[in-house]
$ cat input.cif   # mmCIF, C-alpha atoms and all ligand atoms
data_input
loop_
_atom_site.group_PDB
_atom_site.id
_atom_site.type_symbol
_atom_site.label_atom_id
_atom_site.label_comp_id
_atom_site.auth_asym_id
_atom_site.auth_seq_id
_atom_site.Cartn_x
_atom_site.Cartn_y
_atom_site.Cartn_z
ATOM 1 C CA MET D 114 0.000 0.000 0.000
ATOM 2 C CA VAL D 115 1.405 3.314 -1.019
ATOM 3 C CA GLU D 116 0.153 6.638 0.177
ATOM 4 C CA LEU D 117 1.113 9.639 -1.851
ATOM 5 C CA THR D 118 1.267 13.087 -0.455
ATOM 6 C CA ALA D 119 1.440 16.302 -2.444
ATOM 7 C CA TRP D 120 5.072 16.549 -1.499
ATOM 8 C CA PRO D 121 7.450 14.732 -1.599
ATOM 9 C CA GLY D 122 5.362 12.573 -3.966
ATOM 10 C CA ILE D 123 6.746 9.202 -2.958
ATOM 11 C CA GLY D 124 5.236 6.424 -0.836
ATOM 12 C CA ASP D 125 6.278 6.282 2.794
ATOM 13 C CA GLU D 126 8.106 2.957 2.610
ATOM 14 C CA ASP D 127 9.756 3.937 -0.660
ATOM 15 C CA LEU D 128 11.046 7.140 0.909
ATOM 16 C CA LEU D 129 12.367 5.275 3.950
ATOM 17 C CA VAL D 130 14.143 2.739 1.731
ATOM 18 C CA ALA D 131 15.579 5.505 -0.459
ATOM 19 C CA VAL D 132 16.932 7.479 2.506
ATOM 20 C CA ALA D 133 18.262 4.366 4.255
ATOM 21 C CA ASN D 134 20.148 3.212 1.167
ATOM 22 C CA THR D 135 21.940 6.490 0.440
ATOM 23 C CA ALA D 136 24.835 4.652 2.049
ATOM 24 C CA HIS D 137 25.291 1.136 3.280
ATOM 25 C CA GLY D 138 27.934 -1.447 3.810
ATOM 26 C CA GLU D 139 31.476 -0.815 4.879
ATOM 27 C CA PRO D 140 32.957 2.554 5.817
ATOM 28 C CA GLY D 141 34.437 4.184 2.752
ATOM 29 C CA GLU D 142 31.546 3.230 0.503
ATOM 30 C CA PRO D 143 30.004 6.156 -1.400
ATOM 31 C CA ASP D 144 27.649 8.295 0.670
ATOM 32 C CA GLU D 145 25.057 10.301 -1.235
ATOM 33 C CA LEU D 146 24.505 12.450 1.839
ATOM 34 C CA ALA D 147 28.162 13.389 2.147
ATOM 35 C CA ASP D 148 27.561 16.962 0.993
ATOM 36 C CA ALA D 149 24.704 19.241 -0.059
ATOM 37 C CA ALA D 150 25.412 18.955 -3.802
ATOM 38 C CA GLY D 151 25.446 15.161 -3.608
ATOM 39 C CA MET D 152 22.256 15.173 -1.602
ATOM 40 C CA ARG D 153 20.510 17.316 -4.207
ATOM 41 C CA THR D 154 21.752 15.056 -7.022
ATOM 42 C CA TRP D 155 20.460 12.004 -5.143
ATOM 43 C CA TRP D 156 17.049 13.596 -4.585
ATOM 44 C CA SER D 157 16.725 14.690 -8.226
ATOM 45 C CA GLY D 158 17.793 11.191 -9.291
ATOM 46 C CA LEU D 159 14.725 9.773 -7.548
ATOM 47 C CA GLY D 160 12.664 11.696 -10.100
ATOM 48 C CA LEU D 161 11.084 13.811 -7.380
ATOM 49 C CA ALA D 162 10.303 17.473 -7.484
ATOM 50 C CA LEU D 163 12.069 19.974 -5.334
ATOM 51 C CA PRO D 164 9.815 21.761 -2.855
ATOM 52 C CA ALA D 165 8.361 24.985 -4.258
ATOM 53 C CA ASP D 166 11.150 27.228 -3.107
ATOM 54 C CA GLY D 167 13.461 24.553 -1.847
ATOM 55 C CA GLY D 168 17.162 24.222 -2.171
ATOM 56 C CA PRO D 169 20.048 23.860 0.196
ATOM 57 C CA ARG D 170 20.144 27.492 1.222
ATOM 58 C CA ARG D 171 20.702 27.495 4.900
ATOM 59 C CA PRO D 172 24.238 28.200 5.997
ATOM 60 C CA ASP D 173 24.226 25.136 8.241
ATOM 61 C CA ALA D 174 23.942 22.485 5.513
ATOM 62 C CA ALA D 175 26.571 20.366 7.287
ATOM 63 C CA GLU D 176 24.432 20.244 10.410
ATOM 64 C CA SER D 177 21.300 19.431 8.376
ATOM 65 C CA LEU D 178 23.129 16.651 6.563
ATOM 66 C CA ALA D 179 24.351 15.201 9.858
ATOM 67 C CA MET D 180 20.737 15.166 11.014
ATOM 68 C CA LEU D 181 19.607 13.374 7.841
ATOM 69 C CA ARG D 182 22.404 10.823 8.176
ATOM 70 C CA ALA D 183 21.334 10.206 11.771
ATOM 71 C CA LEU D 184 17.788 9.691 10.569
ATOM 72 C CA ARG D 185 19.156 7.191 8.056
ATOM 73 C CA ALA D 186 20.819 5.290 10.913
ATOM 74 C CA VAL D 187 17.522 5.288 12.837
ATOM 75 C CA ILE D 188 15.676 3.773 9.860
ATOM 76 C CA ARG D 189 18.370 1.129 9.396
ATOM 77 C CA GLY D 190 18.358 0.321 13.112
ATOM 78 C CA LEU D 191 14.585 -0.129 13.148
ATOM 79 C CA ALA D 192 14.743 -2.176 9.930
ATOM 80 C CA LEU D 193 17.422 -4.390 11.480
ATOM 81 C CA ARG D 194 15.217 -4.840 14.517
ATOM 82 C CA ASN D 195 12.444 -5.980 12.158
ATOM 83 C CA ASN D 196 14.922 -8.591 10.923
ATOM 84 C CA GLY D 197 15.747 -9.916 14.373
ATOM 85 C CA PHE D 198 18.744 -7.712 15.275
ATOM 86 C CA GLU D 199 18.847 -5.275 18.170
ATOM 87 C CA THR D 200 21.028 -2.241 17.523
ATOM 88 C CA GLU D 201 21.793 0.900 19.452
ATOM 89 C CA VAL D 202 21.017 4.102 17.573
ATOM 90 C CA ASP D 203 22.267 7.484 18.692
ATOM 91 C CA THR D 204 19.505 10.008 18.065
ATOM 92 C CA ALA D 205 20.995 13.022 19.835
ATOM 93 C CA VAL D 206 21.682 14.914 16.613
ATOM 94 C CA LEU D 207 17.980 14.684 15.732
ATOM 95 C CA ASP D 208 17.237 17.142 18.514
ATOM 96 C CA GLY D 209 18.302 19.816 16.009
ATOM 97 C CA LEU D 210 15.408 18.993 13.696
ATOM 98 C CA THR D 211 12.502 21.196 14.705
ATOM 99 C CA LEU D 212 9.198 20.422 13.079
ATOM 100 C CA ARG D 213 5.919 22.205 12.681
ATOM 101 C CA LEU D 214 2.491 20.819 11.921
ATOM 102 C CA ASP D 215 1.130 21.337 8.421
ATOM 103 C CA LEU D 216 -2.603 20.637 8.392
ATOM 104 C CA GLY D 217 -3.258 22.468 5.141
ATOM 105 C CA GLY D 218 -3.643 19.365 2.973
ATOM 106 C CA THR D 219 -2.523 15.889 3.909
ATOM 107 C CA PRO D 220 -1.596 16.285 7.574
ATOM 108 C CA SER D 221 2.166 16.229 7.787
ATOM 109 C CA LEU D 222 5.199 17.596 9.542
ATOM 110 C CA ARG D 223 7.331 20.239 7.898
ATOM 111 C CA ALA D 224 10.740 21.534 8.795
ATOM 112 C CA ASP D 225 10.524 24.675 10.847
ATOM 113 C CA GLY D 226 12.442 27.684 9.642
ATOM 114 C CA PRO D 227 13.556 28.806 6.193
ATOM 115 C CA ALA D 228 12.893 26.548 3.194
ATOM 116 C CA ASP D 229 15.643 24.014 2.914
ATOM 117 C CA LEU D 230 15.665 20.832 0.862
ATOM 118 C CA ILE D 231 17.681 18.821 3.368
ATOM 119 C CA ARG D 232 15.454 19.681 6.323
ATOM 120 C CA ASP D 233 12.286 19.302 4.270
ATOM 121 C CA VAL D 234 13.380 15.808 3.274
ATOM 122 C CA GLY D 235 14.194 15.138 6.929
ATOM 123 C CA ALA D 236 10.707 16.228 7.974
ATOM 124 C CA ALA D 237 9.098 14.169 5.178
ATOM 125 C CA THR D 238 11.145 11.176 6.324
ATOM 126 C CA VAL D 239 9.994 11.569 9.929
ATOM 127 C CA THR D 240 6.389 11.788 8.706
ATOM 128 C CA ALA D 241 6.866 8.661 6.583
ATOM 129 C CA LEU D 242 8.447 6.851 9.532
ATOM 130 C CA LEU D 243 5.537 7.653 11.849
ATOM 131 C CA ARG D 244 2.930 6.619 9.280
ATOM 132 C CA ALA D 245 4.708 3.454 8.115
ATOM 133 C CA ASN D 246 5.393 2.433 11.714
ATOM 134 C CA ALA D 247 1.663 2.579 12.453
ATOM 135 C CA ARG D 248 0.699 0.282 9.583
ATOM 136 C CA PRO D 249 0.414 -3.518 9.771
ATOM 137 C CA GLY D 250 3.080 -3.914 7.084
ATOM 138 C CA TRP D 251 5.744 -2.226 9.223
ATOM 139 C CA PRO D 252 7.587 -5.467 10.194
ATOM 140 C CA ARG D 253 8.264 -6.011 6.485
ATOM 141 C CA LEU D 254 10.620 -3.053 6.350
ATOM 142 C CA LYS D 255 13.923 -4.828 6.954
ATOM 143 C CA ALA D 256 17.661 -4.372 6.708
ATOM 144 C CA CYS D 257 19.702 -7.191 5.193
ATOM 145 C CA ARG D 258 21.488 -9.431 7.671
ATOM 146 C CA GLY D 259 24.671 -9.287 5.608
ATOM 147 C CA GLU D 260 27.272 -7.688 7.882
ATOM 148 C CA ASP D 261 28.833 -5.717 5.050
ATOM 149 C CA CYS D 262 25.484 -4.997 3.402
ATOM 150 C CA ARG D 263 22.585 -3.805 5.603
ATOM 151 C CA TRP D 264 20.600 -2.871 2.505
ATOM 152 C CA VAL D 265 17.094 -1.818 3.500
ATOM 153 C CA TYR D 266 14.198 -3.389 1.601
ATOM 154 C CA VAL D 267 10.511 -4.185 1.895
ATOM 155 C CA ASP D 268 10.003 -7.910 2.365
ATOM 156 C CA ALA D 269 7.209 -8.810 -0.056
ATOM 157 C CA SER D 270 7.460 -12.556 0.535
ATOM 158 C CA ARG D 271 4.248 -14.363 1.347
ATOM 159 C CA ASN D 272 5.085 -15.096 4.992
ATOM 160 C CA ALA D 273 7.447 -12.146 5.566
ATOM 161 C CA SER D 274 10.398 -14.492 6.085
ATOM 162 C CA ARG D 275 12.966 -12.901 3.802
ATOM 163 C CA ARG D 276 16.180 -12.241 5.713
ATOM 164 C CA TRP D 277 18.515 -11.063 2.977
ATOM 165 C CA CYS D 278 18.356 -8.282 0.424
ATOM 166 C CA ASP D 279 19.176 -10.824 -2.254
ATOM 167 C CA MET D 280 19.537 -14.539 -1.646
ATOM 168 C CA ALA D 281 21.812 -14.925 -4.659
ATOM 169 C CA ALA D 282 24.352 -12.530 -3.165
ATOM 170 C CA CYS D 283 24.105 -11.923 0.582
ATOM 171 C CA GLY D 284 22.143 -15.034 1.524
ATOM 172 C CA ASN D 285 24.471 -17.474 -0.169
ATOM 173 C CA ARG D 286 27.539 -15.586 0.989
ATOM 174 C CA ALA D 287 26.372 -15.784 4.597
ATOM 175 C CA LYS D 288 25.505 -19.430 4.259
ATOM 176 C CA SER D 289 28.876 -20.331 2.774
ATOM 177 C CA ALA D 290 30.639 -18.255 5.468
ATOM 178 C CA SER D 291 28.823 -20.133 8.202
ATOM 179 C CA PHE D 292 29.551 -23.399 6.385
ATOM 180 C CA ARG D 293 33.271 -22.587 6.262
ATOM 181 C CA ARG D 294 33.259 -21.531 9.907
ATOM 182 C CA ARG D 295 31.668 -24.768 11.025
ATOM 183 C CA HIS D 296 33.828 -26.841 8.716
ATOM 184 C CA ARG D 297 36.978 -25.280 10.175
ATOM 185 C CA THR D 298 35.967 -26.352 13.656
ATOM 186 C CA GLY D 299 35.475 -29.862 12.333
ATOM 187 C CA ASP D 300 31.779 -29.839 13.174
ATOM 188 C CA ALA D 301 30.667 -31.522 9.994
ATOM 189 C CA THR D 302 27.251 -32.310 11.445
ATOM 190 C CA ALA D 303 26.470 -28.646 12.084
ATOM 191 C CA ALA D 304 27.685 -27.742 8.624
ATOM 192 C CA ALA D 305 25.539 -30.373 7.013
ATOM 193 C CA SER D 306 22.454 -29.351 8.941
ATOM 194 C CA ALA D 307 23.087 -25.666 8.155
ATOM 195 C CA SER D 308 23.351 -26.547 4.515
ATOM 196 C CA ALA D 309 20.260 -28.722 4.599
ATOM 197 C CA SER D 310 18.101 -26.238 6.499
ATOM 198 C CA ALA D 311 18.985 -23.313 4.260
HETATM 199 ZN ZN ZN D 401 22.410 -7.814 1.514
#

$ encode --input "input.cif" --output "structure tokens"
Amino acid sequence: MVELTAWPGIGDEDLLVAVANTAHGEPGEPDELADAAGMRTWWSGLGLALPADGGPRRPDAAESLAMLRALRAVIRGLALRNNGFETEVDTAVLDGLTLRLDLGGTPSLRADGPADLIRDVGAATVTALLRANARPGWPRLKACRGEDCRWVYVDASRNASRRWCDMAACGNRAKSASFRRRHRTGDATAAASASASA
């Protein structure tokens, strides 16, 4: 189920997945939220409109980007929790995101203060998070169990049992890693049962 709002014009879960996957995996991987120009390129690449008078204009873009990256970590942490992993998420930097109610059309939260793409996307992401979290499909928003992956996806499997972003890549890699680990310890029985139960 996808709910569209006038802005940003993307479904809640799709927005959460898009924000979460602006960076993933090991440190040093590309980060689309590394700077304001990259953030704007990423947003435009989603095919979404800029807010009416939006653009990274505030002088504190670095602070806004840090807030958005923290929000990204929150989404990934919650998505990991939906996949059976507990993670600690530091939300202190989110205290800098002040929001105001916008009840003009679809009720939503907007960034308080001057128009700013980064903060508007942050506010839209918070709104999407609150709405998606309240829907029955919330547990399907997951982060891949692959340690060097953590790709966030919506599990569309029939019984919501998908644990990996892509079985062909992360799933098989994890299985073969656990096979090797067990084989090294000489526990052939465990290895065989891991292989059989996969
Ligand atoms: Zn993965």

$ residues_near_ligand --input "input.cif" --ligand "ligand ZN 401 (chain D)" --cutoff "6 Å" --atoms "all atoms listed in the file" --output "PyMOL selection string"
chain D and resi 257+259+262-264+277-279+283

$ resolve_selection --input "input.cif" --expression "the PyMOL selection byres (((chain D and resi 192-196) around 10) and not hetatm)" --output "MDAnalysis selection string"
chainID D and resid 129:130 133 186:191 197:200 251:258 263:268 273:277

$ resolve_selection --input "input.cif" --expression "the PyMOL selection byres (((chain D and resi 143-155) around 10) and not hetatm)" --output "ChimeraX atom specification"
/D:131-132,134-142,156-161,163,168-170,174-175,177-179,181-182,185,230-231

$ residues_around --input "input.cif" --residues "segment 205-220 of chain D" --least-positions-apart "6" --cutoff "8 Å" --atoms "all atoms listed in the file" --output "PyMOL selection string"
chain D and resi 118-119+177+179-180+183-184+232+235-236

$ write_last_selection --input "input.cif" --atoms "C-alpha atoms" --output "compact mmCIF listing (two decimals), keeping the file's coordinate frame"
# COMPACT_ATOMS: atom_id res chain seq x y z
CA THR D 118 1.27 13.09 -0.46
CA ALA D 119 1.44 16.30 -2.44
CA SER D 177 21.30 19.43 8.38
CA ALA D 179 24.35 15.20 9.86
CA MET D 180 20.74 15.17 11.01
CA ALA D 183 21.33 10.21 11.77
CA LEU D 184 17.79 9.69 10.57
CA ARG D 232 15.45 19.68 6.32
CA GLY D 235 14.19 15.14 6.93
CA ALA D 236 10.71 16.23 7.97

$ atom_distance --input "input.cif" --atom1 "atom CA of Gly124 of chain D" --atom2 "atom CA of Ala245 of chain D"
9.4 Å

$ atom_distance --input "input.cif" --atom1 "atom CA of Val234 of chain D" --atom2 "atom CA of Glu201 of chain D"
23.6 Å

$ closest_residue --input "input.cif" --among "D:Ala237, D:Ala224, D:Ala247, D:Ala162" --to "Leu128 of chain D" --atoms "all atoms listed in the file"
D:Ala237

$ build_atoms --input "input.cif" --residues "segment 177-192 of chain D" --atoms "N, CA and C atoms" --output "PDB file, in the frame of the given file"
ATOM      1  N   SER D 177      22.510  20.072   8.902  1.00  0.00           N
ATOM      2  CA  SER D 177      21.300  19.431   8.376  1.00  0.00           C
ATOM      3  C   SER D 177      21.613  18.052   7.812  1.00  0.00           C
ATOM      4  N   LEU D 178      22.741  17.946   7.133  1.00  0.00           N
ATOM      5  CA  LEU D 178      23.129  16.651   6.563  1.00  0.00           C
ATOM      6  C   LEU D 178      23.435  15.645   7.666  1.00  0.00           C
ATOM      7  N   ALA D 179      24.061  16.108   8.734  1.00  0.00           N
ATOM      8  CA  ALA D 179      24.351  15.201   9.858  1.00  0.00           C
ATOM      9  C   ALA D 179      23.047  14.683  10.450  1.00  0.00           C
ATOM     10  N   MET D 180      22.044  15.561  10.503  1.00  0.00           N
ATOM     11  CA  MET D 180      20.737  15.166  11.014  1.00  0.00           C
ATOM     12  C   MET D 180      20.110  14.101  10.100  1.00  0.00           C
ATOM     13  N   LEU D 181      20.201  14.326   8.786  1.00  0.00           N
ATOM     14  CA  LEU D 181      19.607  13.374   7.841  1.00  0.00           C
ATOM     15  C   LEU D 181      20.340  12.024   7.889  1.00  0.00           C
ATOM     16  N   ARG D 182      21.645  12.075   8.060  1.00  0.00           N
ATOM     17  CA  ARG D 182      22.404  10.823   8.176  1.00  0.00           C
ATOM     18  C   ARG D 182      22.028  10.089   9.466  1.00  0.00           C
ATOM     19  N   ALA D 183      21.760  10.839  10.518  1.00  0.00           N
ATOM     20  CA  ALA D 183      21.334  10.206  11.771  1.00  0.00           C
ATOM     21  C   ALA D 183      19.965   9.555  11.594  1.00  0.00           C
ATOM     22  N   LEU D 184      19.114  10.240  10.850  1.00  0.00           N
ATOM     23  CA  LEU D 184      17.788   9.691  10.569  1.00  0.00           C
ATOM     24  C   LEU D 184      17.921   8.392   9.766  1.00  0.00           C
ATOM     25  N   ARG D 185      18.864   8.391   8.851  1.00  0.00           N
ATOM     26  CA  ARG D 185      19.156   7.191   8.056  1.00  0.00           C
ATOM     27  C   ARG D 185      19.555   6.034   8.984  1.00  0.00           C
ATOM     28  N   ALA D 186      20.393   6.330   9.975  1.00  0.00           N
ATOM     29  CA  ALA D 186      20.819   5.290  10.913  1.00  0.00           C
ATOM     30  C   ALA D 186      19.641   4.782  11.745  1.00  0.00           C
ATOM     31  N   VAL D 187      18.713   5.687  12.080  1.00  0.00           N
ATOM     32  CA  VAL D 187      17.522   5.288  12.837  1.00  0.00           C
ATOM     33  C   VAL D 187      16.687   4.309  12.012  1.00  0.00           C
ATOM     34  N   ILE D 188      16.472   4.658  10.732  1.00  0.00           N
ATOM     35  CA  ILE D 188      15.676   3.773   9.860  1.00  0.00           C
ATOM     36  C   ILE D 188      16.344   2.405   9.759  1.00  0.00           C
ATOM     37  N   ARG D 189      17.672   2.412   9.538  1.00  0.00           N
ATOM     38  CA  ARG D 189      18.370   1.129   9.396  1.00  0.00           C
ATOM     39  C   ARG D 189      18.297   0.332  10.701  1.00  0.00           C
ATOM     40  N   GLY D 190      18.428   1.016  11.830  1.00  0.00           N
ATOM     41  CA  GLY D 190      18.358   0.321  13.112  1.00  0.00           C
ATOM     42  C   GLY D 190      16.998  -0.320  13.324  1.00  0.00           C
ATOM     43  N   LEU D 191      15.934   0.417  12.990  1.00  0.00           N
ATOM     44  CA  LEU D 191      14.585  -0.129  13.148  1.00  0.00           C
ATOM     45  C   LEU D 191      14.349  -1.278  12.166  1.00  0.00           C
ATOM     46  N   ALA D 192      14.900  -1.125  10.947  1.00  0.00           N
ATOM     47  CA  ALA D 192      14.743  -2.176   9.930  1.00  0.00           C
ATOM     48  C   ALA D 192      15.517  -3.426  10.328  1.00  0.00           C
TER      49      ALA D 192
END
